[in-house]
$ cat start-v4.txt   # compact mmCIF, C-alpha atoms and all ligand atoms
# COMPACT_ATOMS: atom_id res chain seq x y z
CA MET A 15 92.87 95.23 65.19
CA ARG A 16 93.05 97.62 68.18
CA ILE A 17 93.60 95.98 71.56
CA LEU A 18 93.20 97.43 75.03
CA LEU A 19 95.60 95.51 77.24
CA HIS A 20 94.90 95.25 80.95
CA ALA A 21 98.23 95.54 82.80
CA CYS A 22 98.77 94.79 86.47
CA CYS A 23 102.31 96.22 86.80
CA GLY A 24 105.43 97.23 84.87
CA PRO A 25 107.34 93.91 84.98
CA CYS A 26 104.28 92.02 83.73
CA LEU A 27 103.75 94.49 80.89
CA LEU A 28 107.11 93.96 79.17
CA GLU A 29 106.71 90.66 77.35
CA PRO A 30 102.93 90.56 76.78
CA TYR A 31 103.02 94.03 75.24
CA ASP A 32 105.84 93.09 72.87
CA ALA A 33 104.12 89.85 71.93
CA LEU A 34 100.82 91.55 71.12
CA ALA A 35 102.16 94.73 69.54
CA GLU A 36 103.73 92.97 66.55
CA GLY A 37 101.53 94.29 63.76
CA THR A 38 98.72 95.35 66.09
CA GLU A 39 97.80 98.63 67.77
CA VAL A 40 97.94 98.09 71.54
CA ALA A 41 97.14 100.57 74.32
CA VAL A 42 97.43 99.78 78.01
CA CYS A 43 94.83 100.12 80.74
CA TYR A 44 95.85 100.18 84.41
CA ALA A 45 92.73 98.97 86.25
CA ASN A 46 93.73 97.45 89.57
CA PRO A 47 91.51 98.29 92.56
CA ASN A 48 92.74 95.04 94.13
CA ILE A 49 96.12 96.50 95.08
CA ALA A 50 96.63 97.43 98.72
CA PRO A 51 97.77 99.59 100.34
CA ALA A 52 97.29 102.72 98.22
CA GLU A 53 101.05 103.47 98.32
CA GLU A 54 101.67 100.11 96.67
CA TYR A 55 99.08 100.89 93.99
CA VAL A 56 100.86 104.14 93.23
CA ARG A 57 104.28 102.52 93.20
CA ARG A 58 103.24 99.84 90.70
CA ARG A 59 101.41 102.39 88.55
CA ASP A 60 104.34 104.77 88.47
CA THR A 61 106.75 101.95 87.58
CA LEU A 62 104.49 101.00 84.68
CA ARG A 63 104.03 104.61 83.60
CA ALA A 64 107.77 105.31 83.59
CA TYR A 65 108.46 102.35 81.34
CA ALA A 66 105.51 103.17 79.07
CA ALA A 67 106.66 106.77 78.68
CA ASP A 68 110.14 105.61 77.60
CA ALA A 69 108.66 103.04 75.21
CA GLY A 70 106.01 105.36 73.73
CA ILE A 71 103.11 103.25 75.02
CA VAL A 72 99.74 104.90 75.62
CA VAL A 73 98.38 104.24 79.14
CA THR A 74 94.90 104.88 80.51
CA GLU A 75 94.31 104.62 84.25
CA LEU A 76 90.86 103.79 85.61
CA PRO A 77 89.80 105.10 89.05
CA TYR A 78 91.30 103.39 92.09
CA GLU A 79 88.28 102.15 94.06
CA PRO A 80 89.38 99.48 96.56
CA GLN A 81 85.84 99.25 97.93
CA ARG A 82 84.70 98.01 94.56
CA TRP A 83 87.23 95.18 94.76
CA ALA A 84 86.15 94.33 98.32
CA GLU A 85 82.52 94.07 97.20
CA ALA A 86 83.43 91.95 94.16
CA VAL A 87 85.30 89.34 96.21
CA ALA A 88 83.10 89.43 99.33
CA GLY A 89 81.26 86.24 98.37
CA ALA A 90 84.48 84.23 98.09
CA GLY A 91 85.14 84.10 101.82
CA ASP A 92 88.31 82.10 102.52
CA ASP A 93 88.29 80.43 99.10
CA ARG A 94 91.37 81.88 97.42
CA ALA A 95 90.57 80.48 93.96
CA ALA A 96 87.09 82.02 94.05
CA ARG A 97 88.53 85.31 95.28
CA CYS A 98 91.06 85.42 92.44
CA ARG A 99 88.43 84.55 89.83
CA ALA A 100 86.20 87.39 91.04
CA CYS A 101 89.23 89.70 91.05
CA TYR A 102 90.14 88.79 87.47
CA GLU A 103 86.57 89.30 86.34
CA LEU A 104 86.31 92.70 87.99
CA ARG A 105 89.56 94.03 86.56
CA ILE A 106 89.11 92.67 83.05
CA GLY A 107 85.49 93.80 83.16
CA MET A 108 86.57 97.36 83.95
CA VAL A 109 88.91 97.30 80.97
CA ALA A 110 86.25 95.72 78.75
CA THR A 111 83.78 98.52 79.52
CA GLU A 112 86.44 101.12 78.74
CA ALA A 113 87.43 99.31 75.53
CA ALA A 114 83.84 99.11 74.31
CA ARG A 115 83.31 102.79 75.12
CA CYS A 116 86.44 103.79 73.19
CA GLY A 117 85.86 101.57 70.15
CA TYR A 118 88.60 98.96 70.63
CA ASP A 119 88.21 95.59 68.94
CA ALA A 120 89.43 93.34 71.75
CA VAL A 121 90.71 93.12 75.32
CA ALA A 122 93.67 91.13 76.65
CA THR A 123 95.49 90.95 79.97
CA THR A 124 99.10 90.68 81.09
CA LEU A 125 98.05 88.43 83.99
CA THR A 126 98.87 85.22 82.12
CA VAL A 127 102.60 85.98 82.11
CA SER A 128 102.76 85.05 85.79
CA PRO A 129 103.14 81.38 86.73
CA TYR A 130 101.44 82.30 90.02
CA GLN A 131 98.10 83.03 88.30
CA ASP A 132 95.53 80.57 86.98
CA PRO A 133 95.31 80.90 83.16
CA VAL A 134 92.10 78.85 82.91
CA ALA A 135 90.33 81.02 85.48
CA ILE A 136 91.66 84.14 83.76
CA ARG A 137 90.30 82.97 80.43
CA GLU A 138 86.88 82.10 81.84
CA ALA A 139 86.66 85.34 83.80
CA GLY A 140 87.86 87.37 80.81
CA GLU A 141 85.35 85.80 78.45
CA ALA A 142 82.48 86.35 80.89
CA ALA A 143 83.44 89.95 81.56
CA CYS A 144 83.96 90.79 77.90
CA ALA A 145 80.71 89.11 76.84
CA ARG A 146 78.87 91.40 79.26
CA ALA A 147 80.56 94.46 77.74
CA GLY A 148 79.99 93.25 74.18
CA ILE A 149 83.65 93.04 73.22
CA ARG A 150 85.99 90.22 72.24
CA PHE A 151 88.37 88.75 74.81
CA LEU A 152 91.72 87.67 73.43
CA PRO A 153 92.86 84.57 75.34
CA THR A 154 96.61 84.41 75.91
CA ASP A 155 99.17 82.36 77.77
CA PHE A 156 102.45 84.24 78.19
CA ARG A 157 103.94 82.01 80.89
CA GLU A 158 106.83 80.80 78.74
CA ARG A 159 107.94 84.44 78.53
CA TYR A 160 108.09 84.84 82.32
CA PRO A 161 111.86 84.16 82.63
CA GLU A 162 112.57 86.84 80.01
CA ALA A 163 110.16 89.24 81.73
CA THR A 164 112.04 88.64 84.98
CA ARG A 165 115.43 89.17 83.33
CA ARG A 166 114.33 92.38 81.59
CA SER A 167 112.62 93.89 84.62
CA ARG A 168 115.75 93.26 86.72
CA ALA A 169 118.00 94.72 84.01
CA LEU A 170 115.79 97.82 83.86
CA GLY A 171 115.92 98.20 87.65
CA MET A 172 112.14 98.09 87.87
CA TYR A 173 110.33 97.82 91.17
CA ARG A 174 109.35 94.14 91.54
CA GLN A 175 106.72 93.45 94.17
CA ASN A 176 106.78 90.25 96.22
CA TYR A 177 103.03 89.66 96.54
CA CYS A 178 100.16 89.51 94.09
CA GLY A 179 98.36 92.68 95.11
CA CYS A 180 95.48 92.42 97.57
CA ALA A 181 95.92 92.57 101.35
CA PRO A 182 95.21 88.84 101.83
CA SER A 183 97.82 87.98 99.19
CA ALA A 184 100.49 89.88 101.15
CA VAL A 185 99.74 87.74 104.20
CA GLU A 186 99.68 84.57 102.09
CA ALA A 187 103.00 85.42 100.43
CA ASP A 188 104.65 86.03 103.84
CA ARG A 189 103.32 82.71 105.09
CA ASP A 190 104.47 80.85 101.95
CA ARG A 191 107.97 82.33 102.24
CA ALA A 192 108.17 81.36 105.93
CA GLN A 193 107.11 77.80 105.06
CA ARG A 194 109.74 77.57 102.32
CA ARG A 195 112.44 78.88 104.69
CA ALA A 196 111.43 76.33 107.32
CA ALA A 197 111.48 73.51 104.75
CA ARG A 198 114.97 74.52 103.54
CA ALA A 199 116.27 74.73 107.10
CA SER A 200 114.85 71.31 107.86
CA GLN A 201 116.43 69.87 104.70
CA ARG A 202 119.82 71.34 105.64
CA ARG A 203 119.60 69.82 109.13
CA ASP A 204 118.71 66.43 107.65
CA THR A 205 121.73 66.47 105.31
CA LEU A 206 124.30 67.56 107.94
CA PRO A 207 126.73 64.78 108.95
CA GLN A 208 126.27 63.91 112.63
CA ASP A 209 129.70 65.35 113.58
CA ALA A 210 128.72 68.63 111.96
CA ASP A 211 125.46 68.94 113.91
CA PRO A 212 125.90 72.36 115.56
CA GLY A 213 123.70 71.27 118.46
CA ARG A 214 126.27 68.64 119.48
CA HIS A 215 129.04 71.24 119.87
CA GLN A 216 126.98 73.31 122.22
CA ARG A 217 126.84 70.72 124.98
S1 LIG B 301 95.76 87.08 95.09
FE1 LIG B 301 95.95 88.46 93.29
S2 LIG B 301 94.47 87.73 91.78
FE2 LIG B 301 93.94 86.84 93.76
S3 LIG B 301 92.44 88.26 94.65
FE3 LIG B 301 94.42 88.89 95.42
S4 LIG B 301 95.16 90.44 93.98
FE4 LIG B 301 93.45 89.34 92.98
$ encode --input "start-v4.txt" --output "structure tokens"
Amino acid sequence: MRILLHACCGPCLLEPYDALAEGTEVAVCYANPNIAPAEEYVRRRDTLRAYAADAGIVVTELPYEPQRWAEAVAGAGDDRAARCRACYELRIGMVATEAARCGYDAVATTLTVSPYQDPVAIREAGEAACARAGIRFLPTDFRERYPEATRRSRALGMYRQNYCGCAPSAVEADRDRAQRRAARASQRRDTLPQDADPGRHQR
């Protein structure tokens, strides 16, 4: 079987590629018009390409058309789950069209290695997109390999982004981090003994 594997970035490629490539021919397709800004798109792509070159992995890049992503998710409004589903469907659909054109047998995605993504939505979006292109979607769930993917990407010194990819996700990630920091600070204040309350020493 020949698989065209949609990959979102270098760190997420490591484990899914190894899992799929055992006894199967796998090529990689970088199709990510969701990523903003353009410099970030290039940085993720070049990280992936550098690893792939070292590992002898074939990579195809599809055109970077952020407007296409904006149009695909426009109907989702403020609904993040709907936005992500449309985003998955667009990206996997791009890879599915390329795979059908080039005679691959199936399409898969690295997205399910991330515990921050929704594997059910990815599967549904992947199946819908691949059905339209007339190619098989290979459902996967690589989440148990995420700790190893994290360890390997750190050991390799890979660039590791701190947001999913689109502009709204950068804002959401900043907000989530601020909320976690505030929660930790509040927890620390609650566990301080009264004598150690720094506010009391300032009076
Ligand atoms: S958060 Fe990630 S999956 Fe969701 S729309 Fe943005 S880039 Fe796509």
$ closest_residue --input "start-v4.txt" --among "A:Ala199, A:Leu18, A:Ala67, A:Ala50" --to "ligand LIG 301 (chain B)" --atoms "all atoms listed in the file"
A:Ala50
$ closest_residue --input "start-v4.txt" --among "A:Thr164, A:Gln175, A:Thr154, A:Thr61" --to "ligand LIG 301 (chain B)" --atoms "only C-alpha atoms and all ligand atoms"
A:Gln175
$ closest_atom_pairs --input "start-v4.txt" --of "chain A" --to "ligand LIG 301 (chain B)" --cutoff "10 Å" --atoms "all atoms listed in the file" --output "Markdown table"
| residue | atom | partner | partner_atom | distance |
| --- | --- | --- | --- | --- |
| A:Cys22 | CA | B:LIG301 | S4 | 9.4 |
| A:Asn46 | CA | B:LIG301 | S4 | 8.4 |
| A:Pro47 | CA | B:LIG301 | S4 | 8.8 |
| A:Asn48 | CA | B:LIG301 | S4 | 5.2 |
| A:Ile49 | CA | B:LIG301 | S4 | 6.2 |
| A:Ala50 | CA | B:LIG301 | S4 | 8.6 |
| A:Trp83 | CA | B:LIG301 | S3 | 8.7 |
| A:Ala84 | CA | B:LIG301 | S3 | 9.5 |
| A:Ala86 | CA | B:LIG301 | S3 | 9.7 |
| A:Val87 | CA | B:LIG301 | S3 | 7.4 |
| A:Ala90 | CA | B:LIG301 | S3 | 9.6 |
| A:Asp93 | CA | B:LIG301 | S3 | 9.9 |
| A:Arg94 | CA | B:LIG301 | FE2 | 6.7 |
| A:Ala95 | CA | B:LIG301 | FE2 | 7.2 |
| A:Ala96 | CA | B:LIG301 | S3 | 8.2 |
| A:Arg97 | CA | B:LIG301 | S3 | 4.9 |
| A:Cys98 | CA | B:LIG301 | FE2 | 3.5 |
| A:Arg99 | CA | B:LIG301 | S2 | 7.1 |
| A:Ala100 | CA | B:LIG301 | S3 | 7.3 |
| A:Cys101 | CA | B:LIG301 | FE4 | 4.7 |
| A:Tyr102 | CA | B:LIG301 | S2 | 6.2 |
| A:Glu103 | CA | B:LIG301 | FE4 | 9.6 |
| A:Leu104 | CA | B:LIG301 | FE4 | 9.3 |
| A:Arg105 | CA | B:LIG301 | FE4 | 8.9 |
| A:Leu125 | CA | B:LIG301 | S2 | 8.6 |
| A:Tyr130 | CA | B:LIG301 | FE1 | 8.9 |
| A:Gln131 | CA | B:LIG301 | S2 | 6.9 |
| A:Asp132 | CA | B:LIG301 | S2 | 8.7 |
| A:Ile136 | CA | B:LIG301 | S2 | 9.2 |
| A:Tyr177 | CA | B:LIG301 | S1 | 7.8 |
| A:Cys178 | CA | B:LIG301 | FE1 | 4.4 |
| A:Gly179 | CA | B:LIG301 | S4 | 4.1 |
| A:Cys180 | CA | B:LIG301 | S4 | 4.1 |
| A:Ala181 | CA | B:LIG301 | FE3 | 7.1 |
| A:Pro182 | CA | B:LIG301 | FE3 | 6.5 |
| A:Ser183 | CA | B:LIG301 | S1 | 4.7 |
| A:Ala184 | CA | B:LIG301 | S1 | 8.2 |
| A:Val185 | CA | B:LIG301 | S1 | 10.0 |
| A:Glu186 | CA | B:LIG301 | S1 | 8.4 |
| A:Ala187 | CA | B:LIG301 | S1 | 9.1 |
$ atom_distance --input "start-v4.txt" --atom1 "CA of Ala41 (chain A)" --atom2 "CA of Ala21 (chain A)"
9.9 Å
$ closest_residue --input "start-v4.txt" --among "A:Ala110, A:Val40, A:Ile17, A:Val56" --to "Ala145 (chain A)" --atoms "all atoms listed in the file"
A:Ala110
$ atom_distance --input "start-v4.txt" --atom1 "CA of Glu29 (chain A)" --atom2 "CA of Thr124 (chain A)"
8.5 Å
$ atom_distance --input "start-v4.txt" --atom1 "CA of Ala113 (chain A)" --atom2 "CA of Arg82 (chain A)"
19.3 Å
$ closest_residue --input "start-v4.txt" --among "A:Ala163, A:Leu19, A:Val134, A:Leu34" --to "Glu112 (chain A)" --atoms "only C-alpha atoms"
A:Leu19
$ decode --input "start-v4.txt" --residues "region 15-42 of chain A" --atoms "N, CA, C and O atoms" --output "PDB file, in the first residue's frame"
ATOM      1  N   MET A  15       0.852  -1.202   0.000  1.00  0.00           N
ATOM      2  CA  MET A  15       0.000   0.000   0.000  1.00  0.00           C
ATOM      3  C   MET A  15       0.889   1.256   0.000  1.00  0.00           C
ATOM      4  O   MET A  15       1.888   1.315   0.700  1.00  0.00           O
ATOM      5  N   ARG A  16       0.500   2.257  -0.760  1.00  0.00           N
ATOM      6  CA  ARG A  16       1.231   3.540  -0.776  1.00  0.00           C
ATOM      7  C   ARG A  16       0.347   4.589  -0.102  1.00  0.00           C
ATOM      8  O   ARG A  16      -0.807   4.804  -0.495  1.00  0.00           O
ATOM      9  N   ILE A  17       0.932   5.240   0.910  1.00  0.00           N
ATOM     10  CA  ILE A  17       0.172   6.222   1.703  1.00  0.00           C
ATOM     11  C   ILE A  17       0.751   7.610   1.495  1.00  0.00           C
ATOM     12  O   ILE A  17       1.980   7.792   1.508  1.00  0.00           O
ATOM     13  N   LEU A  18      -0.124   8.579   1.333  1.00  0.00           N
ATOM     14  CA  LEU A  18       0.306   9.985   1.369  1.00  0.00           C
ATOM     15  C   LEU A  18      -0.115  10.541   2.728  1.00  0.00           C
ATOM     16  O   LEU A  18      -1.305  10.563   3.060  1.00  0.00           O
ATOM     17  N   LEU A  19       0.880  10.930   3.501  1.00  0.00           N
ATOM     18  CA  LEU A  19       0.657  11.330   4.897  1.00  0.00           C
ATOM     19  C   LEU A  19       0.646  12.851   5.026  1.00  0.00           C
ATOM     20  O   LEU A  19       1.670  13.514   4.776  1.00  0.00           O
ATOM     21  N   HIS A  20      -0.488  13.391   5.410  1.00  0.00           N
ATOM     22  CA  HIS A  20      -0.546  14.829   5.683  1.00  0.00           C
ATOM     23  C   HIS A  20       0.245  15.108   6.961  1.00  0.00           C
ATOM     24  O   HIS A  20       0.022  14.449   7.984  1.00  0.00           O
ATOM     25  N   ALA A  21       1.158  16.073   6.904  1.00  0.00           N
ATOM     26  CA  ALA A  21       1.950  16.410   8.099  1.00  0.00           C
ATOM     27  C   ALA A  21       1.832  17.897   8.374  1.00  0.00           C
ATOM     28  O   ALA A  21       1.951  18.727   7.469  1.00  0.00           O
ATOM     29  N   CYS A  22       1.600  18.233   9.642  1.00  0.00           N
ATOM     30  CA  CYS A  22       1.404  19.640  10.008  1.00  0.00           C
ATOM     31  C   CYS A  22       2.707  20.318  10.428  1.00  0.00           C
ATOM     32  O   CYS A  22       2.807  21.541  10.376  1.00  0.00           O
ATOM     33  N   CYS A  23       3.702  19.528  10.869  1.00  0.00           N
ATOM     34  CA  CYS A  23       4.981  20.108  11.316  1.00  0.00           C
ATOM     35  C   CYS A  23       5.978  18.967  11.561  1.00  0.00           C
ATOM     36  O   CYS A  23       5.592  17.790  11.585  1.00  0.00           O
ATOM     37  N   GLY A  24       7.233  19.349  11.807  1.00  0.00           N
ATOM     38  CA  GLY A  24       8.270  18.337  12.022  1.00  0.00           C
ATOM     39  C   GLY A  24       8.049  17.479  13.267  1.00  0.00           C
ATOM     40  O   GLY A  24       8.084  16.247  13.190  1.00  0.00           O
ATOM     41  N   PRO A  25       7.832  18.102  14.446  1.00  0.00           N
ATOM     42  CA  PRO A  25       7.660  17.289  15.656  1.00  0.00           C
ATOM     43  C   PRO A  25       6.518  16.276  15.533  1.00  0.00           C
ATOM     44  O   PRO A  25       6.632  15.152  16.017  1.00  0.00           O
ATOM     45  N   CYS A  26       5.437  16.684  14.866  1.00  0.00           N
ATOM     46  CA  CYS A  26       4.291  15.767  14.735  1.00  0.00           C
ATOM     47  C   CYS A  26       4.523  14.694  13.680  1.00  0.00           C
ATOM     48  O   CYS A  26       3.764  13.727  13.604  1.00  0.00           O
ATOM     49  N   LEU A  27       5.533  14.870  12.844  1.00  0.00           N
ATOM     50  CA  LEU A  27       5.810  13.859  11.817  1.00  0.00           C
ATOM     51  C   LEU A  27       6.513  12.630  12.403  1.00  0.00           C
ATOM     52  O   LEU A  27       6.303  11.510  11.944  1.00  0.00           O
ATOM     53  N   LEU A  28       7.346  12.835  13.415  1.00  0.00           N
ATOM     54  CA  LEU A  28       8.291  11.800  13.849  1.00  0.00           C
ATOM     55  C   LEU A  28       7.634  10.445  14.098  1.00  0.00           C
ATOM     56  O   LEU A  28       7.966   9.451  13.457  1.00  0.00           O
ATOM     57  N   GLU A  29       6.745  10.397  15.053  1.00  0.00           N
ATOM     58  CA  GLU A  29       6.173   9.114  15.465  1.00  0.00           C
ATOM     59  C   GLU A  29       5.143   8.563  14.471  1.00  0.00           C
ATOM     60  O   GLU A  29       5.180   7.367  14.154  1.00  0.00           O
ATOM     61  N   PRO A  30       4.211   9.379  13.966  1.00  0.00           N
ATOM     62  CA  PRO A  30       3.276   8.828  12.979  1.00  0.00           C
ATOM     63  C   PRO A  30       3.970   8.245  11.746  1.00  0.00           C
ATOM     64  O   PRO A  30       3.590   7.183  11.261  1.00  0.00           O
ATOM     65  N   TYR A  31       5.018   8.941  11.288  1.00  0.00           N
ATOM     66  CA  TYR A  31       5.719   8.404  10.111  1.00  0.00           C
ATOM     67  C   TYR A  31       6.312   7.033  10.435  1.00  0.00           C
ATOM     68  O   TYR A  31       6.141   6.072   9.673  1.00  0.00           O
ATOM     69  N   ASP A  32       6.992   6.932  11.563  1.00  0.00           N
ATOM     70  CA  ASP A  32       7.623   5.655  11.905  1.00  0.00           C
ATOM     71  C   ASP A  32       6.584   4.553  12.083  1.00  0.00           C
ATOM     72  O   ASP A  32       6.804   3.404  11.706  1.00  0.00           O
ATOM     73  N   ALA A  33       5.441   4.919  12.671  1.00  0.00           N
ATOM     74  CA  ALA A  33       4.401   3.914  12.890  1.00  0.00           C
ATOM     75  C   ALA A  33       3.839   3.402  11.568  1.00  0.00           C
ATOM     76  O   ALA A  33       3.595   2.201  11.407  1.00  0.00           O
ATOM     77  N   LEU A  34       3.652   4.307  10.613  1.00  0.00           N
ATOM     78  CA  LEU A  34       3.032   3.910   9.344  1.00  0.00           C
ATOM     79  C   LEU A  34       4.028   3.276   8.381  1.00  0.00           C
ATOM     80  O   LEU A  34       3.645   2.451   7.547  1.00  0.00           O
ATOM     81  N   ALA A  35       5.284   3.660   8.484  1.00  0.00           N
ATOM     82  CA  ALA A  35       6.259   3.259   7.465  1.00  0.00           C
ATOM     83  C   ALA A  35       6.769   1.834   7.642  1.00  0.00           C
ATOM     84  O   ALA A  35       7.516   1.348   6.794  1.00  0.00           O
ATOM     85  N   GLU A  36       6.347   1.158   8.710  1.00  0.00           N
ATOM     86  CA  GLU A  36       6.774  -0.233   8.892  1.00  0.00           C
ATOM     87  C   GLU A  36       6.099  -1.099   7.834  1.00  0.00           C
ATOM     88  O   GLU A  36       4.919  -1.418   7.945  1.00  0.00           O
ATOM     89  N   GLY A  37       6.823  -1.443   6.803  1.00  0.00           N
ATOM     90  CA  GLY A  37       6.278  -2.320   5.764  1.00  0.00           C
ATOM     91  C   GLY A  37       5.392  -1.621   4.757  1.00  0.00           C
ATOM     92  O   GLY A  37       4.724  -2.282   3.956  1.00  0.00           O
ATOM     93  N   THR A  38       5.331  -0.302   4.794  1.00  0.00           N
ATOM     94  CA  THR A  38       4.467   0.438   3.868  1.00  0.00           C
ATOM     95  C   THR A  38       5.250   1.595   3.261  1.00  0.00           C
ATOM     96  O   THR A  38       6.109   2.169   3.920  1.00  0.00           O
ATOM     97  N   GLU A  39       4.926   1.939   2.029  1.00  0.00           N
ATOM     98  CA  GLU A  39       5.569   3.091   1.391  1.00  0.00           C
ATOM     99  C   GLU A  39       4.804   4.351   1.802  1.00  0.00           C
ATOM    100  O   GLU A  39       3.598   4.456   1.544  1.00  0.00           O
ATOM    101  N   VAL A  40       5.499   5.279   2.447  1.00  0.00           N
ATOM    102  CA  VAL A  40       4.840   6.505   2.927  1.00  0.00           C
ATOM    103  C   VAL A  40       5.581   7.726   2.387  1.00  0.00           C
ATOM    104  O   VAL A  40       6.810   7.823   2.531  1.00  0.00           O
ATOM    105  N   ALA A  41       4.848   8.643   1.782  1.00  0.00           N
ATOM    106  CA  ALA A  41       5.396   9.951   1.412  1.00  0.00           C
ATOM    107  C   ALA A  41       4.611  10.988   2.203  1.00  0.00           C
ATOM    108  O   ALA A  41       3.498  10.732   2.672  1.00  0.00           O
ATOM    109  N   VAL A  42       5.216  12.154   2.336  1.00  0.00           N
ATOM    110  CA  VAL A  42       4.632  13.199   3.193  1.00  0.00           C
ATOM    111  C   VAL A  42       4.143  14.367   2.348  1.00  0.00           C
ATOM    112  O   VAL A  42       4.778  14.728   1.352  1.00  0.00           O
TER     113      VAL A  42
END
